[in-house]
$ cat protein15.txt   # compact mmCIF, C-alpha atoms
# COMPACT_ATOMS: atom_id res chain seq x y z
CA MET A 947 -39.65 -21.02 40.77
CA ILE A 948 -40.73 -17.66 42.12
CA VAL A 949 -39.07 -14.46 40.88
CA ILE A 950 -39.62 -11.44 43.14
CA ARG A 951 -38.37 -8.31 41.45
CA THR A 952 -38.58 -4.67 42.39
CA LYS A 953 -38.29 -1.80 39.92
CA HIS A 954 -38.01 1.71 41.31
CA ASP A 955 -34.61 3.10 40.27
CA TRP A 956 -32.19 2.40 37.45
CA LEU A 957 -30.31 -0.28 39.39
CA THR A 958 -33.44 -2.30 40.10
CA GLU A 959 -34.75 -1.59 36.60
CA TYR A 960 -31.61 -3.04 35.05
CA LEU A 961 -31.77 -6.11 37.27
CA TYR A 962 -35.50 -6.44 36.53
CA ASN A 963 -34.79 -6.57 32.81
CA TYR A 964 -31.99 -9.07 33.20
CA THR A 965 -34.26 -11.47 35.11
CA GLU A 966 -36.25 -11.81 31.87
CA ILE A 967 -33.32 -13.90 30.63
CA LEU A 968 -33.62 -16.17 33.66
CA ILE A 969 -37.39 -16.47 33.32
CA SER A 970 -37.12 -17.46 29.64
CA PHE A 971 -34.34 -19.91 30.42
CA ALA A 972 -36.38 -21.51 33.20
CA GLU A 973 -39.54 -21.78 31.11
CA GLU A 974 -37.63 -23.33 28.22
CA ARG A 975 -36.54 -26.03 30.63
CA GLY A 976 -40.02 -26.72 31.86
CA PHE A 977 -40.03 -24.75 35.10
CA LYS A 978 -43.21 -22.94 35.98
CA VAL A 979 -42.21 -19.39 36.87
CA GLN A 980 -44.31 -17.08 39.02
CA LYS A 981 -43.44 -13.41 38.96
CA ILE A 982 -44.17 -11.28 42.01
CA GLU A 983 -43.83 -7.58 41.30
CA GLY A 984 -45.10 -4.11 42.17
CA LEU A 985 -47.55 -3.89 45.04
CA ASP A 986 -47.68 -7.69 45.34
CA ILE A 987 -44.28 -7.61 47.02
CA LYS A 988 -45.69 -8.02 50.51
CA PHE A 989 -44.83 -10.68 53.04
CA LYS A 990 -48.34 -12.09 53.37
CA HIS A 991 -48.81 -12.37 49.62
CA ILE A 992 -45.44 -14.05 49.15
CA GLU A 993 -45.98 -16.42 52.06
CA LYS A 994 -49.33 -17.45 50.55
CA ARG A 995 -47.84 -18.05 47.10
CA ILE A 996 -45.06 -20.14 48.61
CA ARG A 997 -47.53 -22.18 50.67
CA GLU A 998 -49.71 -22.82 47.62
CA THR A 999 -47.04 -23.59 45.05
CA LYS A 1000 -44.11 -24.95 47.09
CA PRO A 1001 -41.32 -23.58 44.85
CA ARG A 1002 -37.87 -25.18 44.95
CA CYS A 1003 -36.21 -21.85 44.21
CA ILE A 1004 -36.83 -18.15 44.83
CA VAL A 1005 -34.96 -15.37 43.05
CA PHE A 1006 -35.08 -11.88 44.53
CA ASN A 1007 -33.89 -8.64 42.92
CA GLY A 1008 -33.93 -5.44 44.90
CA HIS A 1009 -32.44 -3.48 47.71
CA GLY A 1010 -31.48 -5.18 50.92
CA THR A 1011 -29.69 -4.74 54.19
CA THR A 1012 -27.76 -7.15 56.39
CA THR A 1013 -31.05 -8.23 57.95
CA SER A 1014 -33.79 -7.56 55.40
CA LEU A 1015 -35.12 -7.37 51.85
CA CYS A 1016 -36.99 -4.26 50.69
CA ASP A 1017 -40.01 -3.66 48.47
CA ASN A 1018 -40.53 -0.91 45.90
CA SER A 1019 -41.06 1.66 48.65
CA LYS A 1020 -37.83 0.54 50.32
CA ASN A 1021 -39.82 -0.92 53.21
CA GLU A 1022 -38.69 -4.24 54.67
CA PHE A 1023 -40.93 -7.16 53.76
CA ILE A 1024 -38.64 -10.00 54.82
CA ASN A 1025 -36.39 -9.70 57.85
CA LEU A 1026 -34.93 -11.78 60.67
CA ASP A 1027 -38.39 -12.22 62.20
CA ASN A 1028 -39.94 -13.92 59.17
CA ALA A 1029 -36.91 -15.55 57.55
CA HIS A 1030 -38.65 -18.92 58.01
CA VAL A 1031 -40.49 -18.14 54.75
CA PHE A 1032 -37.48 -19.60 52.89
CA LYS A 1033 -37.87 -23.02 54.56
CA GLY A 1034 -37.10 -25.85 52.13
CA ILE A 1035 -36.13 -23.42 49.38
CA ILE A 1036 -32.93 -22.48 47.55
CA ALA A 1037 -32.89 -18.67 47.49
CA PHE A 1038 -30.83 -16.50 45.19
CA VAL A 1039 -30.93 -13.01 46.65
CA ARG A 1040 -29.46 -10.27 44.50
CA ALA A 1041 -29.49 -7.55 47.13
CA CYS A 1042 -26.89 -5.73 49.17
CA ASN A 1043 -25.50 -7.27 52.34
CA ALA A 1044 -28.26 -9.84 52.95
CA LEU A 1045 -25.85 -12.78 53.12
CA LYS A 1046 -24.38 -11.35 56.31
CA GLU A 1047 -27.25 -11.92 58.73
CA LEU A 1048 -30.47 -12.69 56.86
CA GLY A 1049 -28.87 -15.62 55.01
CA PRO A 1050 -27.58 -17.41 58.13
CA LYS A 1051 -30.89 -16.78 59.92
CA ALA A 1052 -32.90 -18.13 56.98
CA VAL A 1053 -30.78 -21.29 56.92
CA LYS A 1054 -31.15 -21.68 60.66
CA GLU A 1055 -34.93 -21.52 60.07
CA GLY A 1056 -34.83 -24.25 57.42
CA CYS A 1057 -33.82 -22.59 54.15
CA THR A 1058 -32.01 -25.21 52.04
CA ALA A 1059 -29.43 -22.73 50.79
CA PHE A 1060 -29.25 -18.95 50.67
CA ILE A 1061 -27.05 -17.55 47.91
CA GLY A 1062 -26.37 -13.83 48.10
CA TYR A 1063 -24.00 -10.95 48.59
CA LYS A 1064 -22.39 -10.05 51.89
CA ASN A 1065 -21.46 -6.53 50.80
CA ARG A 1066 -23.12 -3.90 48.62
CA PHE A 1067 -24.00 -4.85 45.05
CA TRP A 1068 -22.26 -2.57 42.55
CA LEU A 1069 -23.47 -1.79 39.07
CA ALA A 1070 -22.24 0.68 36.46
CA LYS A 1071 -23.64 2.07 33.23
CA LYS A 1072 -22.85 4.49 30.50
CA GLN A 1073 -25.13 7.50 30.76
CA GLY A 1074 -27.79 7.47 28.06
CA MET A 1075 -28.23 3.69 28.06
CA GLU A 1076 -31.22 3.78 30.41
CA SER A 1077 -33.71 2.68 27.78
CA ARG A 1078 -31.61 -0.25 26.54
CA PRO A 1079 -30.37 -2.11 29.61
CA LEU A 1080 -30.05 -5.46 27.87
CA SER A 1081 -27.53 -4.04 25.42
CA ALA A 1082 -25.72 -1.83 27.93
CA PRO A 1083 -22.07 -2.79 27.46
CA ILE A 1084 -20.86 -1.81 30.93
CA ALA A 1085 -23.68 -3.38 32.94
CA LYS A 1086 -24.02 -6.58 30.92
CA PRO A 1087 -20.90 -8.47 32.10
CA ILE A 1088 -21.57 -7.47 35.72
CA ILE A 1089 -25.10 -8.87 35.65
CA ASP A 1090 -24.21 -11.85 33.46
CA ALA A 1091 -21.74 -12.98 36.13
CA SER A 1092 -24.57 -12.86 38.64
CA ASN A 1093 -27.24 -14.44 36.42
CA VAL A 1094 -25.02 -17.43 35.77
CA VAL A 1095 -25.67 -18.63 39.33
CA VAL A 1096 -29.37 -19.09 38.60
CA ILE A 1097 -28.66 -20.54 35.16
CA GLY A 1098 -26.39 -23.08 36.86
CA LEU A 1099 -29.13 -24.05 39.30
CA LEU A 1100 -31.67 -24.37 36.48
CA LYS A 1101 -29.27 -26.64 34.59
CA GLY A 1102 -29.19 -28.93 37.61
CA HIS A 1103 -25.89 -27.91 39.15
CA SER A 1104 -25.53 -27.76 42.91
CA VAL A 1105 -25.48 -24.54 44.89
CA GLU A 1106 -21.71 -24.67 45.29
CA GLU A 1107 -21.13 -25.52 41.61
CA SER A 1108 -23.40 -22.68 40.52
CA VAL A 1109 -21.61 -20.13 42.69
CA ASN A 1110 -18.26 -21.41 41.43
CA LYS A 1111 -19.50 -20.98 37.86
CA SER A 1112 -20.00 -17.31 38.65
CA HIS A 1113 -16.47 -17.03 40.02
CA GLN A 1114 -15.09 -18.71 36.91
CA LEU A 1115 -17.10 -16.54 34.53
CA THR A 1116 -15.93 -13.46 36.42
CA GLU A 1117 -12.30 -14.44 35.84
CA ASN A 1118 -12.94 -15.04 32.14
CA LEU A 1119 -14.82 -11.76 31.72
CA PHE A 1120 -12.12 -9.97 33.69
CA ILE A 1121 -9.44 -11.05 31.23
CA ASP A 1122 -11.58 -10.10 28.22
CA LEU A 1123 -12.39 -6.68 29.65
CA LEU A 1124 -8.86 -5.99 30.82
CA PHE A 1125 -7.44 -6.50 27.35
CA SER A 1126 -10.27 -4.71 25.56
CA ASN A 1127 -9.52 -1.57 23.58
CA ASP A 1128 -12.89 -0.10 24.56
CA PRO A 1129 -12.32 2.44 27.37
CA TYR A 1130 -15.80 1.68 28.70
CA ALA A 1131 -15.06 -2.03 29.03
CA ARG A 1132 -12.68 -1.38 31.91
CA VAL A 1133 -15.39 0.40 33.89
CA SER A 1134 -17.06 -2.99 34.39
CA LEU A 1135 -13.97 -4.52 35.96
CA LYS A 1136 -14.21 -3.11 39.45
CA PRO A 1137 -17.91 -3.75 40.10
CA LEU A 1138 -17.45 -7.21 38.59
CA LEU A 1139 -14.68 -8.07 41.04
CA GLN A 1140 -16.34 -6.37 43.98
CA ASN A 1141 -19.54 -8.38 43.50
CA ASN A 1142 -17.58 -11.56 42.91
CA GLN A 1143 -15.80 -11.23 46.23
CA SER A 1144 -19.08 -10.54 47.95
CA LEU A 1145 -20.95 -13.51 46.44
CA GLY A 1146 -21.35 -16.60 48.60
CA PHE A 1147 -23.88 -18.86 50.21
CA GLU A 1148 -25.09 -20.36 53.46
CA GLY A 1149 -26.64 -23.78 53.74
CA ASN A 1150 -26.26 -27.03 51.83
CA PRO A 1151 -23.57 -26.74 49.12
CA LEU A 1152 -24.81 -29.90 47.41
CA ALA A 1153 -28.45 -28.84 47.14
CA LYS A 1154 -30.02 -28.78 43.68
CA ILE A 1155 -33.37 -27.54 42.44
CA LYS A 1156 -33.96 -30.54 40.20
CA MET B 103 -14.86 3.91 60.26
CA THR B 104 -11.53 3.05 58.60
CA GLU B 105 -9.11 5.93 58.04
CA TYR B 106 -7.08 5.70 54.85
CA ASN B 107 -3.79 7.52 54.37
CA GLU B 108 -3.45 10.30 51.81
CA GLU B 109 -1.30 8.26 49.41
CA ILE B 110 -4.02 5.63 49.12
CA LYS B 111 -6.67 8.30 48.60
CA LYS B 112 -4.55 9.96 45.93
CA LEU B 113 -4.08 6.66 44.09
CA VAL B 114 -7.81 5.93 44.19
CA LYS B 115 -8.72 9.42 42.97
CA GLU B 116 -6.25 9.26 40.07
CA ARG B 117 -7.72 5.95 38.98
CA LEU B 118 -11.27 7.30 39.18
CA LEU B 119 -10.39 10.35 37.11
CA ALA B 120 -8.90 8.10 34.42
CA MET B 121 -12.36 6.65 33.77
CA PRO B 122 -14.71 8.00 31.08
CA PRO B 123 -16.68 10.83 32.76
CA ASP B 124 -20.07 9.79 31.39
CA VAL B 125 -20.45 6.66 33.47
CA THR B 126 -22.54 6.17 36.59
CA PHE B 127 -22.00 3.75 39.43
CA SER B 128 -24.90 2.57 41.49
CA VAL B 129 -24.03 1.23 44.90
CA GLY B 130 -27.05 -0.32 46.52
CA ASP B 131 -28.98 2.10 48.66
CA LEU B 132 -26.12 4.62 48.73
CA GLY B 133 -27.23 6.00 45.35
CA ASP B 134 -25.67 6.89 42.01
CA PHE B 135 -22.29 8.49 41.46
CA SER B 136 -20.18 9.69 38.55
CA PRO B 137 -16.39 9.20 38.85
CA ARG B 138 -16.02 12.87 39.88
CA GLU B 139 -18.67 12.48 42.55
CA LEU B 140 -16.83 9.43 43.86
CA VAL B 141 -13.67 11.54 44.10
CA ARG B 142 -15.58 14.03 46.26
CA GLU B 143 -16.85 11.19 48.45
CA VAL B 144 -13.28 9.94 48.92
CA ASP B 145 -12.13 13.46 49.83
CA SER B 146 -14.98 13.84 52.30
CA GLY B 147 -14.29 10.48 53.96
CA THR B 148 -17.91 9.36 53.67
CA GLU B 149 -19.17 5.77 53.79
CA MET B 150 -19.42 5.88 50.00
CA GLY B 151 -15.86 7.18 49.78
CA ASN B 152 -14.61 4.31 51.90
CA GLU B 153 -16.59 1.81 49.81
CA THR B 154 -14.89 3.26 46.75
CA ILE B 155 -11.43 2.95 48.27
CA GLU B 156 -12.11 -0.66 49.23
CA MET B 157 -13.33 -1.40 45.71
CA GLU B 158 -10.12 0.00 44.21
CA LEU B 159 -7.94 -1.85 46.70
CA ASN B 160 -9.79 -5.11 46.09
CA PHE B 161 -9.23 -4.63 42.40
CA ILE B 162 -5.52 -4.03 42.82
CA ARG B 163 -5.15 -7.02 45.16
CA ALA B 164 -7.16 -9.39 42.95
CA MET B 165 -5.56 -8.56 39.61
CA PRO B 166 -2.25 -10.46 40.12
CA LYS B 167 -4.12 -13.59 41.28
CA ILE B 168 -6.39 -13.59 38.24
CA LEU B 169 -3.56 -12.87 35.82
CA LYS B 170 -1.51 -15.68 37.38
CA ASN B 171 -4.21 -18.13 36.27
CA TYR B 172 -4.25 -16.65 32.78
CA LYS B 173 -2.18 -18.46 30.22
$ encode --input "protein15.txt" --output "structure tokens"
Amino acid sequence: MIVIRTKHDWLTEYLYNYTEILISFAEERGFKVQKIEGLDIKFKHIEKRIRETKPRCIVFNGHGTTTSLCDNSKNEFINLDNAHVFKGIIAFVRACNALKELGPKAVKEGCTAFIGYKNRFWLAKKQGMESRPLSAPIAKPIIDASNVVVIGLLKGHSVEESVNKSHQLTENLFIDLLFSNDPYARVSLKPLLQNNQSLGFEGNPLAKIK
Amino acid sequence: MTEYNEEIKKLVKERLLAMPPDVTFSVGDLGDFSPRELVREVDSGTEMGNETIEMELNFIRAMPKILKNYK
């Protein structure tokens, strides 16, 4: 598995930290995880790593558009012209809008399945929690509902089952947060639902990474 | 760009102002916003304001369906 993760603002920093959970989970289950970060987030470097290691799954965290994924300088490094890089791979792309055009193009070019978000990815936080993202009460349920897709894949569930697990967890979290007495808990509700409605996939629903 | 009527905007703004003020929303490449800043975006009819209205409307539409499944 390859994890490509940017870190250049608080949104990407939070997501970066929450991928640690996925990396640990994968390694505990025997997956070899390669992390691509910082200045290594370049198309040629990524293409080479994919060619050499033939990963079954790629996870990306960062900003995106309908047609591209962006590096730490917000420059496109994957777009409609090089979407073939995902050939034979299940991709989980936690970036805004990429499921709209990049996902279908990647699948057309041979990507096994492209899981992502067709609208903007929302996150919320309480001010002052910047240094402790993993214990940030507002952000945690929003990202947990997203992480569960990758956890599902790592457990051997299919693409469709893993996405459905996220929808189910969202409903469960929604109920818990709605009836919480904590006024901050309810702040999570709207981003949680917004992301849930935006989450989907292109490609083979039955594909698995193991 | 979608035009929303004033009643919808008023509803959205009231709901935003009911949130704790010391929270920040990050919305992809559109940036970071406090609830009060989102209210200003709604008033100004910006892309961010429209995203905010859609988020609130999605929330209102989805809630009955989720609660229906809750026993």
$ closest_residue --input "protein15.txt" --among "B:Glu139, B:Asp134, B:Glu158, B:Ser146" --to "Ile110 in chain B" --atoms "only C-alpha atoms"
B:Glu158
$ residues_around --input "protein15.txt" --residues "range 1044-1054 of chain A" --least-positions-apart "3" --cutoff "10 Å" --atoms "only C-alpha atoms" --output "MDAnalysis selection string"
chainID A and resid 1009:1015 1024:1037 1039:1041 1057:1066 1144:1150
$ interface_residues --input "protein15.txt" --of "chain A" --to "chain B" --cutoff "9 Å" --atoms "all atoms listed in the file" --output "PyMOL selection string"
chain A and resi 956-957+1008-1011+1041-1042+1066-1074+1084+1117-1118+1120-1121+1129-1130+1132-1133+1135-1137+1139-1140+1143
$ residues_around --input "protein15.txt" --residues "Arg117 in chain B" --least-positions-apart "5" --cutoff "10 Å" --atoms "all atoms listed in the file" --output "PyMOL selection string"
chain B and resi 111-112+137+141+158
$ atom_distance --input "protein15.txt" --atom1 "CA of Lys988 in chain A" --atom2 "CA of His954 in chain A"
15.4 Å
$ closest_residue --input "protein15.txt" --among "A:Ile948, A:Ile1089, A:Ile967, A:Arg1078" --to "Arg997 in chain A" --atoms "only C-alpha atoms"
A:Ile948
$ decode --input "protein15.txt" --residues "range 127-147 of chain B" --atoms "N, CA, C and O atoms" --output "PDB file, in the first residue's frame"
ATOM      1  N   PHE B 127     -14.388  25.996  10.344  1.00  0.00           N
ATOM      2  CA  PHE B 127     -14.662  25.020   9.281  1.00  0.00           C
ATOM      3  C   PHE B 127     -13.617  25.184   8.191  1.00  0.00           C
ATOM      4  O   PHE B 127     -13.292  26.309   7.807  1.00  0.00           O
ATOM      5  N   SER B 128     -13.122  24.073   7.706  1.00  0.00           N
ATOM      6  CA  SER B 128     -12.236  24.121   6.561  1.00  0.00           C
ATOM      7  C   SER B 128     -12.954  23.443   5.408  1.00  0.00           C
ATOM      8  O   SER B 128     -13.474  22.342   5.554  1.00  0.00           O
ATOM      9  N   VAL B 129     -12.983  24.114   4.287  1.00  0.00           N
ATOM     10  CA  VAL B 129     -13.742  23.606   3.151  1.00  0.00           C
ATOM     11  C   VAL B 129     -12.818  23.547   1.942  1.00  0.00           C
ATOM     12  O   VAL B 129     -12.765  24.472   1.126  1.00  0.00           O
ATOM     13  N   GLY B 130     -12.078  22.445   1.881  1.00  0.00           N
ATOM     14  CA  GLY B 130     -11.167  22.246   0.768  1.00  0.00           C
ATOM     15  C   GLY B 130     -10.296  23.457   0.501  1.00  0.00           C
ATOM     16  O   GLY B 130      -9.745  24.057   1.417  1.00  0.00           O
ATOM     17  N   ASP B 131     -10.222  23.818  -0.752  1.00  0.00           N
ATOM     18  CA  ASP B 131      -9.354  24.940  -1.137  1.00  0.00           C
ATOM     19  C   ASP B 131     -10.029  26.299  -0.939  1.00  0.00           C
ATOM     20  O   ASP B 131      -9.432  27.336  -1.245  1.00  0.00           O
ATOM     21  N   LEU B 132     -11.252  26.302  -0.423  1.00  0.00           N
ATOM     22  CA  LEU B 132     -11.921  27.598  -0.207  1.00  0.00           C
ATOM     23  C   LEU B 132     -11.444  28.281   1.069  1.00  0.00           C
ATOM     24  O   LEU B 132     -11.683  29.472   1.264  1.00  0.00           O
ATOM     25  N   GLY B 133     -10.782  27.530   1.958  1.00  0.00           N
ATOM     26  CA  GLY B 133     -10.185  28.139   3.141  1.00  0.00           C
ATOM     27  C   GLY B 133     -10.905  27.818   4.434  1.00  0.00           C
ATOM     28  O   GLY B 133     -11.709  26.888   4.498  1.00  0.00           O
ATOM     29  N   ASP B 134     -10.605  28.615   5.451  1.00  0.00           N
ATOM     30  CA  ASP B 134     -11.118  28.394   6.810  1.00  0.00           C
ATOM     31  C   ASP B 134     -12.104  29.493   7.183  1.00  0.00           C
ATOM     32  O   ASP B 134     -11.876  30.664   6.877  1.00  0.00           O
ATOM     33  N   PHE B 135     -13.142  29.100   7.919  1.00  0.00           N
ATOM     34  CA  PHE B 135     -14.203  30.055   8.237  1.00  0.00           C
ATOM     35  C   PHE B 135     -14.775  29.780   9.623  1.00  0.00           C
ATOM     36  O   PHE B 135     -15.065  28.634   9.968  1.00  0.00           O
ATOM     37  N   SER B 136     -14.965  30.848  10.391  1.00  0.00           N
ATOM     38  CA  SER B 136     -15.723  30.739  11.637  1.00  0.00           C
ATOM     39  C   SER B 136     -17.210  30.805  11.271  1.00  0.00           C
ATOM     40  O   SER B 136     -17.559  31.205  10.144  1.00  0.00           O
ATOM     41  N   PRO B 137     -18.112  30.455  12.204  1.00  0.00           N
ATOM     42  CA  PRO B 137     -19.538  30.578  11.883  1.00  0.00           C
ATOM     43  C   PRO B 137     -19.917  31.995  11.435  1.00  0.00           C
ATOM     44  O   PRO B 137     -20.706  32.163  10.495  1.00  0.00           O
ATOM     45  N   ARG B 138     -19.363  33.016  12.092  1.00  0.00           N
ATOM     46  CA  ARG B 138     -19.688  34.401  11.702  1.00  0.00           C
ATOM     47  C   ARG B 138     -19.191  34.728  10.294  1.00  0.00           C
ATOM     48  O   ARG B 138     -19.847  35.444   9.538  1.00  0.00           O
ATOM     49  N   GLU B 139     -18.032  34.192   9.969  1.00  0.00           N
ATOM     50  CA  GLU B 139     -17.520  34.416   8.601  1.00  0.00           C
ATOM     51  C   GLU B 139     -18.399  33.707   7.573  1.00  0.00           C
ATOM     52  O   GLU B 139     -18.608  34.220   6.472  1.00  0.00           O
ATOM     53  N   LEU B 140     -18.932  32.543   7.947  1.00  0.00           N
ATOM     54  CA  LEU B 140     -19.839  31.852   7.026  1.00  0.00           C
ATOM     55  C   LEU B 140     -21.114  32.662   6.816  1.00  0.00           C
ATOM     56  O   LEU B 140     -21.656  32.712   5.707  1.00  0.00           O
ATOM     57  N   VAL B 141     -21.588  33.309   7.875  1.00  0.00           N
ATOM     58  CA  VAL B 141     -22.773  34.172   7.751  1.00  0.00           C
ATOM     59  C   VAL B 141     -22.497  35.279   6.729  1.00  0.00           C
ATOM     60  O   VAL B 141     -23.333  35.576   5.857  1.00  0.00           O
ATOM     61  N   ARG B 142     -21.314  35.872   6.813  1.00  0.00           N
ATOM     62  CA  ARG B 142     -20.965  36.938   5.856  1.00  0.00           C
ATOM     63  C   ARG B 142     -20.904  36.397   4.420  1.00  0.00           C
ATOM     64  O   ARG B 142     -21.301  37.070   3.483  1.00  0.00           O
ATOM     65  N   GLU B 143     -20.401  35.162   4.289  1.00  0.00           N
ATOM     66  CA  GLU B 143     -20.333  34.555   2.949  1.00  0.00           C
ATOM     67  C   GLU B 143     -21.740  34.324   2.392  1.00  0.00           C
ATOM     68  O   GLU B 143     -21.991  34.541   1.206  1.00  0.00           O
ATOM     69  N   VAL B 144     -22.650  33.893   3.279  1.00  0.00           N
ATOM     70  CA  VAL B 144     -24.039  33.681   2.846  1.00  0.00           C
ATOM     71  C   VAL B 144     -24.640  35.016   2.411  1.00  0.00           C
ATOM     72  O   VAL B 144     -25.282  35.125   1.354  1.00  0.00           O
ATOM     73  N   ASP B 145     -24.417  36.047   3.210  1.00  0.00           N
ATOM     74  CA  ASP B 145     -24.950  37.381   2.873  1.00  0.00           C
ATOM     75  C   ASP B 145     -24.403  37.886   1.542  1.00  0.00           C
ATOM     76  O   ASP B 145     -25.109  38.551   0.785  1.00  0.00           O
ATOM     77  N   SER B 146     -23.136  37.579   1.292  1.00  0.00           N
ATOM     78  CA  SER B 146     -22.483  38.096   0.084  1.00  0.00           C
ATOM     79  C   SER B 146     -22.771  37.244  -1.158  1.00  0.00           C
ATOM     80  O   SER B 146     -22.404  37.623  -2.264  1.00  0.00           O
ATOM     81  N   GLY B 147     -23.403  36.087  -0.944  1.00  0.00           N
ATOM     82  CA  GLY B 147     -23.746  35.231  -2.081  1.00  0.00           C
ATOM     83  C   GLY B 147     -22.542  34.640  -2.790  1.00  0.00           C
ATOM     84  O   GLY B 147     -22.567  34.379  -3.993  1.00  0.00           O
TER      85      GLY B 147
END
